[in-house]
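Okay, final_18.cif is below, mmCIF, C-alpha atoms and all ligand atoms:
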data_structure
#
loop_
_atom_site.label_atom_id
_atom_site.label_comp_id
_atom_site.auth_asym_id
_atom_site.auth_seq_id
_atom_site.Cartn_x
_atom_site.Cartn_y
_atom_site.Cartn_z
CA MET A 24 61.39 -17.08 75.28
CA SER A 25 61.28 -13.41 76.30
CA LYS A 26 63.18 -12.29 79.36
CA GLN A 27 61.25 -12.17 82.64
CA GLY A 28 64.10 -11.00 84.81
CA LEU A 29 66.17 -7.88 85.30
CA VAL A 30 67.88 -6.94 82.02
CA LEU A 31 71.30 -5.32 82.48
CA GLU A 32 73.66 -4.17 79.73
CA LYS A 33 76.71 -4.54 81.98
CA VAL A 34 77.81 -5.47 85.49
CA VAL A 35 76.28 -2.64 87.50
CA LEU A 36 77.84 -0.64 90.30
CA LEU A 37 75.39 -1.47 93.04
CA GLY A 38 76.18 -2.03 96.70
CA ARG A 39 74.53 -3.92 99.53
CA THR A 40 74.73 -3.20 103.24
CA PHE A 41 76.23 -5.33 106.03
CA GLU A 42 72.66 -6.20 107.07
CA GLU A 43 71.94 -7.61 103.62
CA TYR A 44 75.19 -9.62 103.55
CA VAL A 45 74.22 -11.13 106.93
CA LEU A 46 70.94 -12.28 105.39
CA TYR A 47 72.42 -13.42 102.06
CA PHE A 48 75.19 -15.51 103.63
CA ALA A 49 73.48 -16.40 106.93
CA LEU A 50 76.41 -14.80 108.77
CA ASP A 51 76.78 -14.64 112.54
CA PRO A 52 78.53 -11.27 113.13
CA GLU A 53 79.60 -12.31 116.65
CA ALA A 54 81.40 -15.35 115.28
CA LEU A 55 83.21 -13.19 112.72
CA ARG A 56 84.74 -10.81 115.32
CA GLY A 57 88.53 -10.88 115.09
CA ARG A 58 88.50 -13.02 111.95
CA SER A 59 89.78 -12.03 108.51
CA VAL A 60 87.18 -11.83 105.77
CA LEU A 61 87.73 -11.11 102.08
CA ASP A 62 84.84 -9.64 100.09
CA VAL A 63 85.49 -10.33 96.40
CA ALA A 64 83.86 -7.93 93.91
CA SER A 65 82.80 -5.77 96.82
CA GLY A 66 82.15 -2.70 94.66
CA VAL A 67 80.22 0.00 96.50
CA SER A 68 78.95 -2.37 99.18
CA SER A 69 79.31 -1.06 102.73
CA PHE A 70 80.03 -4.57 104.07
CA CYS A 71 83.75 -3.89 104.51
CA ALA A 72 83.23 -0.49 106.18
CA GLU A 73 80.55 -1.74 108.55
CA ALA A 74 82.39 -4.98 109.33
CA ASN A 75 85.58 -3.17 110.34
CA ALA A 76 83.55 -0.83 112.55
CA GLN A 77 82.60 -3.91 114.58
CA ASP A 78 86.02 -5.51 114.74
CA ILE A 79 85.72 -7.90 111.82
CA HIS A 80 88.93 -7.69 109.78
CA ALA A 81 87.41 -7.27 106.33
CA THR A 82 89.24 -6.52 103.09
CA ALA A 83 87.38 -5.50 99.94
CA PHE A 84 88.56 -6.38 96.44
CA ASP A 85 87.18 -4.96 93.18
CA LEU A 86 88.35 -3.66 89.84
CA ILE A 87 86.88 -0.22 90.61
CA TYR A 88 89.33 0.45 93.46
CA ASP A 89 91.84 1.96 91.07
CA SER A 90 89.34 4.84 90.66
CA SER A 91 89.02 7.89 92.86
CA PRO A 92 86.06 8.27 95.26
CA ASP A 93 84.62 11.04 93.05
CA GLU A 94 84.85 8.91 89.92
CA ILE A 95 83.09 6.02 91.67
CA GLN A 96 80.43 8.34 93.08
CA SER A 97 79.62 9.69 89.62
CA ARG A 98 78.89 6.14 88.42
CA CYS A 99 76.72 5.04 91.36
CA GLU A 100 73.65 7.17 90.84
CA PRO A 101 73.08 6.42 87.12
CA ASP A 102 73.44 2.66 87.76
CA LEU A 103 71.07 2.86 90.70
CA ASP A 104 68.52 4.88 88.68
CA GLN A 105 68.67 2.29 85.91
CA VAL A 106 68.19 -0.67 88.26
CA THR A 107 65.40 1.01 90.25
CA ARG A 108 63.52 1.66 86.98
CA ASN A 109 64.10 -1.75 85.42
CA ILE A 110 63.50 -3.87 88.49
CA ALA A 111 59.92 -2.65 88.70
CA LEU A 112 59.29 -4.37 85.34
CA ALA A 113 60.96 -7.68 86.22
CA LYS A 114 58.80 -10.64 87.26
CA THR A 115 61.52 -12.47 89.11
CA TYR A 116 61.50 -10.70 92.49
CA LYS A 117 59.70 -11.13 95.80
CA TRP A 118 59.11 -7.86 97.60
CA ASP A 119 58.50 -9.00 101.20
CA PHE A 120 61.74 -7.46 102.44
CA TYR A 121 62.17 -4.23 100.46
CA GLN A 122 58.44 -3.66 99.77
CA SER A 123 59.08 -1.59 96.62
CA PRO A 124 61.84 -0.48 94.21
CA GLU A 125 62.12 2.73 96.25
CA GLY A 126 62.55 0.70 99.42
CA MET A 127 65.36 -1.24 97.75
CA ARG A 128 66.90 1.99 96.55
CA ARG A 129 67.11 3.29 100.11
CA TYR A 130 69.24 0.28 101.08
CA ARG A 131 71.50 0.73 98.04
CA GLU A 132 71.96 4.46 98.79
CA ARG A 133 72.81 3.74 102.39
CA ALA A 134 75.38 1.19 101.23
CA TYR A 135 77.18 3.35 98.72
CA ARG A 136 77.25 6.42 100.97
CA ALA A 137 78.79 4.41 103.84
CA PHE A 138 81.20 2.79 101.37
CA LEU A 139 82.33 6.15 99.97
CA ALA A 140 82.87 7.69 103.41
CA ASP A 141 85.13 4.75 104.35
CA TYR A 142 86.83 4.57 100.96
CA ARG A 143 87.85 8.24 101.20
CA THR A 144 89.92 7.52 104.31
CA GLN A 145 90.79 3.79 104.09
CA ARG A 146 91.40 3.33 100.38
CA GLY A 147 95.04 2.31 100.78
CA ALA A 148 94.34 0.16 103.84
CA ARG A 149 91.48 -2.23 103.12
CA TYR A 150 90.36 -1.65 99.53
CA VAL A 151 92.43 -3.60 97.01
CA ALA A 152 92.14 -3.14 93.25
CA GLY A 153 92.44 -6.03 90.85
CA ASN A 154 90.76 -8.21 88.30
CA LEU A 155 89.27 -11.64 88.89
CA PRO A 156 90.14 -14.42 88.28
CA ARG A 157 93.47 -13.27 89.80
CA LEU A 158 93.64 -12.26 93.45
CA PRO A 159 96.71 -10.37 94.72
CA PHE A 160 96.76 -12.15 98.09
CA ALA A 161 98.87 -14.84 99.74
CA ASP A 162 97.82 -18.49 100.09
CA GLY A 163 95.46 -18.88 103.06
CA GLN A 164 95.49 -15.17 103.89
CA PHE A 165 91.81 -15.05 104.89
CA ASP A 166 89.61 -17.13 107.15
CA ILE A 167 86.51 -16.61 105.04
CA THR A 168 85.88 -15.28 101.54
CA LEU A 169 82.54 -13.95 100.31
CA THR A 170 81.33 -12.94 96.90
CA SER A 171 77.94 -11.40 96.28
CA TYR A 172 76.29 -10.65 92.95
CA LEU A 173 79.06 -11.38 90.52
CA LEU A 174 79.53 -15.13 90.09
CA PHE A 175 76.61 -17.28 88.80
CA VAL A 176 74.09 -14.43 88.61
CA TYR A 177 75.99 -12.93 85.63
CA GLU A 178 76.64 -16.32 84.03
CA HIS A 179 75.65 -14.90 80.62
CA ARG A 180 78.62 -12.48 80.86
CA PHE A 181 81.32 -14.71 82.37
CA ASP A 182 82.06 -18.16 80.98
CA TYR A 183 82.64 -21.41 82.85
CA LYS A 184 86.41 -20.98 82.73
CA PHE A 185 86.14 -17.61 84.49
CA HIS A 186 83.99 -19.16 87.22
CA LYS A 187 86.30 -22.12 87.67
CA ARG A 188 89.45 -20.00 87.86
CA SER A 189 87.75 -17.55 90.24
CA VAL A 190 86.67 -20.36 92.59
CA LEU A 191 90.16 -21.90 92.55
CA GLU A 192 91.72 -18.54 93.28
CA MET A 193 89.25 -17.69 96.05
CA MET A 194 89.99 -21.02 97.71
CA ARG A 195 93.74 -20.55 97.33
CA VAL A 196 93.58 -17.44 99.54
CA THR A 197 91.00 -18.91 101.98
CA ARG A 198 91.79 -21.05 105.03
CA ASP A 199 88.28 -21.99 106.06
CA GLU A 200 85.48 -21.52 103.52
CA ALA A 201 84.14 -19.37 100.70
CA ARG A 202 80.51 -18.42 100.24
CA CYS A 203 79.01 -17.33 96.90
CA TYR A 204 75.63 -15.65 96.59
CA PRO A 205 73.26 -16.02 94.84
CA ILE A 206 73.39 -19.26 92.86
CA VAL A 207 70.67 -18.25 90.40
CA THR A 208 70.82 -16.03 87.32
CA PHE A 209 68.77 -12.84 86.88
CA GLU A 210 66.22 -15.08 85.12
CA ALA A 211 65.87 -16.88 88.48
CA SER A 212 67.28 -20.15 87.08
CA ARG A 213 69.87 -22.11 89.02
CA SER A 214 73.24 -21.48 87.40
CA SER A 215 74.34 -24.33 85.15
CA TYR A 216 77.90 -23.85 86.39
CA ILE A 217 77.22 -25.26 89.87
CA ASP A 218 76.93 -28.87 88.67
CA ARG A 219 79.92 -28.43 86.36
CA LEU A 220 82.08 -27.15 89.21
CA GLN A 221 80.99 -30.03 91.43
CA SER A 222 81.89 -32.67 88.85
CA ASP A 223 85.06 -31.01 87.54
CA PRO A 224 88.07 -33.22 88.38
CA ASP A 225 90.29 -30.13 88.72
CA LEU A 226 88.16 -29.13 91.73
CA GLY A 227 88.12 -32.54 93.38
CA HIS A 228 90.01 -31.13 96.37
CA LEU A 229 87.01 -28.89 97.16
CA THR A 230 83.53 -29.63 98.49
CA PHE A 231 80.40 -27.74 97.44
CA GLU A 232 77.24 -27.40 99.50
CA GLN A 233 74.10 -25.40 98.70
CA VAL A 234 72.89 -23.88 101.95
CA ARG A 235 69.30 -22.65 102.28
CA THR A 236 68.66 -19.30 103.99
CA ASP A 237 65.56 -17.37 105.06
CA PHE A 238 66.17 -14.51 102.66
CA GLU A 239 64.77 -14.40 99.13
CA PHE A 240 64.50 -11.32 96.91
CA LEU A 241 65.49 -12.54 93.45
CA ILE A 242 63.40 -15.73 93.19
CA GLY A 243 65.55 -18.72 94.17
CA SER A 244 68.12 -16.54 95.93
CA ASN A 245 67.46 -18.21 99.28
CA PHE A 246 70.61 -20.30 98.88
CA PHE A 247 74.33 -19.64 98.98
CA LEU A 248 77.10 -21.93 97.82
CA ARG A 249 79.55 -23.00 100.54
CA ILE A 250 82.95 -24.17 99.28
CA ARG A 251 85.45 -25.89 101.55
CA HIS A 252 88.75 -27.72 101.26
CA ARG A 253 88.10 -31.44 101.25
CA ALA A 254 89.44 -33.08 104.40
CA GLY A 255 92.82 -34.59 103.71
CA ALA A 256 93.23 -32.72 100.40
CA LYS A 257 96.34 -30.62 99.97
C1 LIG B 301 76.70 -5.93 91.24
S1 LIG B 301 78.21 -5.41 91.96
C2 LIG B 301 78.18 -6.30 93.49
C3 LIG B 301 78.86 -5.54 94.60
C4 LIG B 301 78.80 -6.19 95.98
N1 LIG B 301 79.39 -7.50 95.99
C5 LIG B 301 77.39 -6.27 96.48
O1 LIG B 301 76.76 -7.34 96.41
O2 LIG B 301 76.86 -5.24 96.93
C6 LIG B 301 79.41 -6.31 91.01
C7 LIG B 301 80.83 -5.85 91.22
O3 LIG B 301 81.71 -6.73 90.53
C8 LIG B 301 82.82 -5.97 90.10
N2 LIG B 301 83.53 -6.74 89.08
C9 LIG B 301 83.11 -7.07 87.84
N3 LIG B 301 84.04 -7.81 87.19
C10 LIG B 301 85.08 -7.96 88.05
C11 LIG B 301 86.35 -8.61 87.97
N4 LIG B 301 86.72 -9.30 86.87
N5 LIG B 301 87.19 -8.53 89.02
C12 LIG B 301 86.83 -7.83 90.14
N6 LIG B 301 85.63 -7.21 90.29
C13 LIG B 301 84.78 -7.26 89.25
C14 LIG B 301 82.20 -4.67 89.62
O4 LIG B 301 83.15 -3.63 89.57
C15 LIG B 301 81.12 -4.46 90.67
O5 LIG B 301 81.57 -3.63 91.71
#

Starting from the coordinates I provided, produce the structure as structure tokens.
Amino acid sequence: MSKQGLVLEKVVLLGRTFEEYVLYFALDPEALRGRSVLDVASGVSSFCAEANAQDIHATAFDLIYDSSPDEIQSRCEPDLDQVTRNIALAKTYKWDFYQSPEGMRRYRERAYRAFLADYRTQRGARYVAGNLPRLPFADGQFDITLTSYLLFVYEHRFDYKFHKRSVLEMMRVTRDEARCYPIVTFEASRSSYIDRLQSDPDLGHLTFEQVRTDFEFLIGSNFFLRIRHRAGAK
């Protein structure tokens, strides 16, 4: 069957804003004040910058944070051009929120510009470089961990073992809960890894819940996956 969705040659360097994260993960910014939040595979998202500006203690983690701001900047625009062009051809999106590819592009530009401004001054403080499925953080270091647009959606690029190890590692560093978004692939199909994770005996100490939200851009993206430590589990 031919592809209906967004076709990407690689994991792209695209960033979302704080506003979009709030919608994706149904976050309550007030409730996050003073809490520690890890954003895994944060890339050029402005979530971390904007969160810290409102007293949410956010840390961003991504493999690109060993690059300089100028190097990252030079990669943003070509990736954004490519996605803006290709997304217009995909049949797997609902445009109620962004209205058009150009409308989406404005959000992505806002995100990466705010990210770069913060990264230039806070690189050593709240931007941590590394490579999933390893996280260079202590057990239970964060209250909440988020990951947007890496797990599940790119299931054709990362195998089940990568997903499983990433989830285990995210939960190792998380006291309260992790949220993963979206749970569909770019073809708008629910990721086959969700059921495997839920029935995997190595993850029996965790609980998985699909939570519906009001926000849907990629078809079927109106859900996030909530992962918690099972009560009584070590
Ligand atoms: C599509 S972007 C999503 C960025 C951000 N989470 C958002 O939603 O705006 C995917 C990000 O995953 C990062 N990434 C890919 N593989 C990774 C890995 N193994 N470890 C850490 N980050 C990775 C890329 O560098 C990129 O910044």

Please return as a PyMOL selection string the residues found within 8 Å of ligand LIG 301 (chain B), counting only C-alpha atoms and all ligand atoms.
chain A and resi 34-40+44+62-70+84-87+134+152-157+170-173

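Proximity to Pro92 in chain A at 7 Å, evaluated using all atoms listed in the file and with sequence-adjacent residues fewer than 4 positions away removed, yields A:Gln96, A:Leu139, A:Tyr142, A:Arg143.
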
Might you pull out every residue within 9 Å of Ser59 in chain A, with all atoms listed in the file counted and same-chain residues fewer than 6 positions away left off, and present them as a PyMOL selection string?
chain A and resi 79-82+164-168

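Comparing A:Ile250, A:Leu46, A:Leu241, A:Ala148 by their smallest distance to Lys114 in chain A, the closest is A:Leu241 (using all atoms listed in the file).
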
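With all atoms listed in the file as the basis for measurement, A:Asp141 is the residue among A:Glu32, A:Asp141, A:Asp104, A:Asp51 that approaches Ala76 in chain A most closely.
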
Tell me which protein, DNA and RNA residues are within 10 Å of Gly243 in chain A, counting all atoms listed in the file, leaving out same-chain ones fewer than 5 positions away, and put them as number ranges by chain.
A: 115-117, 205-213, 235, 238

Selection above as a file: C-alpha atoms, as an mmCIF file, in the coordinates of the input:
data_model
loop_
_atom_site.group_PDB
_atom_site.id
_atom_site.type_symbol
_atom_site.label_atom_id
_atom_site.label_comp_id
_atom_site.auth_asym_id
_atom_site.auth_seq_id
_atom_site.Cartn_x
_atom_site.Cartn_y
_atom_site.Cartn_z
ATOM 1 C CA THR A 115 61.520 -12.470 89.110
ATOM 2 C CA TYR A 116 61.500 -10.700 92.490
ATOM 3 C CA LYS A 117 59.700 -11.130 95.800
ATOM 4 C CA PRO A 205 73.260 -16.020 94.840
ATOM 5 C CA ILE A 206 73.390 -19.260 92.860
ATOM 6 C CA VAL A 207 70.670 -18.250 90.400
ATOM 7 C CA THR A 208 70.820 -16.030 87.320
ATOM 8 C CA PHE A 209 68.770 -12.840 86.880
ATOM 9 C CA GLU A 210 66.220 -15.080 85.120
ATOM 10 C CA ALA A 211 65.870 -16.880 88.480
ATOM 11 C CA SER A 212 67.280 -20.150 87.080
ATOM 12 C CA ARG A 213 69.870 -22.110 89.020
ATOM 13 C CA ARG A 235 69.300 -22.650 102.280
ATOM 14 C CA PHE A 238 66.170 -14.510 102.660
#

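Here CA of Gly126 in chain A is placed at a distance of 25.6 Å from CA of Gln77 in chain A.
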
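Separating CA of Cys99 in chain A from CA of Leu31 in chain A is a distance of 14.7 Å.
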
Have range 31-56 of chain A completed to N, CA and C atoms, please, and pass it along as a PDB file, keeping the file's coordinate frame.
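Output file out13.pdb follows:
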ATOM      1  N   LEU A  31      70.200  -6.264  82.238  1.00  0.00           N
ATOM      2  CA  LEU A  31      71.300  -5.320  82.480  1.00  0.00           C
ATOM      3  C   LEU A  31      72.285  -5.389  81.328  1.00  0.00           C
ATOM      4  N   GLU A  32      72.709  -4.237  80.859  1.00  0.00           N
ATOM      5  CA  GLU A  32      73.660  -4.170  79.730  1.00  0.00           C
ATOM      6  C   GLU A  32      75.078  -4.511  80.178  1.00  0.00           C
ATOM      7  N   LYS A  33      75.343  -4.366  81.464  1.00  0.00           N
ATOM      8  CA  LYS A  33      76.710  -4.540  81.980  1.00  0.00           C
ATOM      9  C   LYS A  33      76.618  -4.940  83.451  1.00  0.00           C
ATOM     10  N   VAL A  34      77.781  -5.244  84.044  1.00  0.00           N
ATOM     11  CA  VAL A  34      77.810  -5.470  85.490  1.00  0.00           C
ATOM     12  C   VAL A  34      77.629  -4.110  86.158  1.00  0.00           C
ATOM     13  N   VAL A  35      76.586  -3.977  86.966  1.00  0.00           N
ATOM     14  CA  VAL A  35      76.280  -2.640  87.500  1.00  0.00           C
ATOM     15  C   VAL A  35      77.001  -2.371  88.813  1.00  0.00           C
ATOM     16  N   LEU A  36      77.148  -1.082  89.083  1.00  0.00           N
ATOM     17  CA  LEU A  36      77.840  -0.640  90.300  1.00  0.00           C
ATOM     18  C   LEU A  36      76.799  -0.418  91.391  1.00  0.00           C
ATOM     19  N   LEU A  37      76.435  -1.524  92.027  1.00  0.00           N
ATOM     20  CA  LEU A  37      75.390  -1.470  93.040  1.00  0.00           C
ATOM     21  C   LEU A  37      75.932  -2.071  94.312  1.00  0.00           C
ATOM     22  N   GLY A  38      75.610  -1.501  95.461  1.00  0.00           N
ATOM     23  CA  GLY A  38      76.180  -2.030  96.700  1.00  0.00           C
ATOM     24  C   GLY A  38      75.119  -2.416  97.706  1.00  0.00           C
ATOM     25  N   ARG A  39      75.426  -3.479  98.450  1.00  0.00           N
ATOM     26  CA  ARG A  39      74.530  -3.920  99.530  1.00  0.00           C
ATOM     27  C   ARG A  39      75.153  -3.560 100.880  1.00  0.00           C
ATOM     28  N   THR A  40      74.291  -3.536 101.882  1.00  0.00           N
ATOM     29  CA  THR A  40      74.730  -3.200 103.240  1.00  0.00           C
ATOM     30  C   THR A  40      75.214  -4.457 103.972  1.00  0.00           C
ATOM     31  N   PHE A  41      75.833  -4.232 105.132  1.00  0.00           N
ATOM     32  CA  PHE A  41      76.230  -5.330 106.030  1.00  0.00           C
ATOM     33  C   PHE A  41      74.997  -6.179 106.384  1.00  0.00           C
ATOM     34  N   GLU A  42      73.911  -5.487 106.698  1.00  0.00           N
ATOM     35  CA  GLU A  42      72.660  -6.200 107.070  1.00  0.00           C
ATOM     36  C   GLU A  42      72.238  -7.167 105.965  1.00  0.00           C
ATOM     37  N   GLU A  43      72.341  -6.737 104.727  1.00  0.00           N
ATOM     38  CA  GLU A  43      71.940  -7.610 103.620  1.00  0.00           C
ATOM     39  C   GLU A  43      72.915  -8.785 103.460  1.00  0.00           C
ATOM     40  N   TYR A  44      74.207  -8.520 103.620  1.00  0.00           N
ATOM     41  CA  TYR A  44      75.190  -9.620 103.550  1.00  0.00           C
ATOM     42  C   TYR A  44      74.890 -10.666 104.641  1.00  0.00           C
ATOM     43  N   VAL A  45      74.535 -10.193 105.833  1.00  0.00           N
ATOM     44  CA  VAL A  45      74.220 -11.130 106.930  1.00  0.00           C
ATOM     45  C   VAL A  45      73.079 -12.046 106.501  1.00  0.00           C
ATOM     46  N   LEU A  46      72.085 -11.469 105.835  1.00  0.00           N
ATOM     47  CA  LEU A  46      70.940 -12.280 105.390  1.00  0.00           C
ATOM     48  C   LEU A  46      71.322 -13.173 104.200  1.00  0.00           C
ATOM     49  N   TYR A  47      72.056 -12.634 103.252  1.00  0.00           N
ATOM     50  CA  TYR A  47      72.420 -13.420 102.060  1.00  0.00           C
ATOM     51  C   TYR A  47      73.222 -14.669 102.434  1.00  0.00           C
ATOM     52  N   PHE A  48      74.218 -14.450 103.334  1.00  0.00           N
ATOM     53  CA  PHE A  48      75.190 -15.510 103.630  1.00  0.00           C
ATOM     54  C   PHE A  48      74.936 -16.177 104.977  1.00  0.00           C
ATOM     55  N   ALA A  49      73.788 -15.857 105.605  1.00  0.00           N
ATOM     56  CA  ALA A  49      73.480 -16.400 106.930  1.00  0.00           C
ATOM     57  C   ALA A  49      74.683 -16.257 107.868  1.00  0.00           C
ATOM     58  N   LEU A  50      75.211 -15.033 107.957  1.00  0.00           N
ATOM     59  CA  LEU A  50      76.410 -14.800 108.770  1.00  0.00           C
ATOM     60  C   LEU A  50      76.024 -14.579 110.236  1.00  0.00           C
ATOM     61  N   ASP A  51      76.925 -14.947 111.114  1.00  0.00           N
ATOM     62  CA  ASP A  51      76.780 -14.640 112.540  1.00  0.00           C
ATOM     63  C   ASP A  51      77.870 -13.602 112.858  1.00  0.00           C
ATOM     64  N   PRO A  52      77.514 -12.315 112.943  1.00  0.00           N
ATOM     65  CA  PRO A  52      78.530 -11.270 113.130  1.00  0.00           C
ATOM     66  C   PRO A  52      79.406 -11.509 114.356  1.00  0.00           C
ATOM     67  N   GLU A  53      78.800 -12.032 115.431  1.00  0.00           N
ATOM     68  CA  GLU A  53      79.600 -12.310 116.650  1.00  0.00           C
ATOM     69  C   GLU A  53      80.731 -13.285 116.345  1.00  0.00           C
ATOM     70  N   ALA A  54      80.405 -14.310 115.583  1.00  0.00           N
ATOM     71  CA  ALA A  54      81.400 -15.350 115.280  1.00  0.00           C
ATOM     72  C   ALA A  54      82.493 -14.833 114.344  1.00  0.00           C
ATOM     73  N   LEU A  55      82.219 -13.728 113.662  1.00  0.00           N
ATOM     74  CA  LEU A  55      83.210 -13.190 112.720  1.00  0.00           C
ATOM     75  C   LEU A  55      84.189 -12.215 113.398  1.00  0.00           C
ATOM     76  N   ARG A  56      83.855 -11.775 114.621  1.00  0.00           N
ATOM     77  CA  ARG A  56      84.740 -10.810 115.320  1.00  0.00           C
ATOM     78  C   ARG A  56      86.161 -11.341 115.399  1.00  0.00           C
TER      79      ARG A  56
END
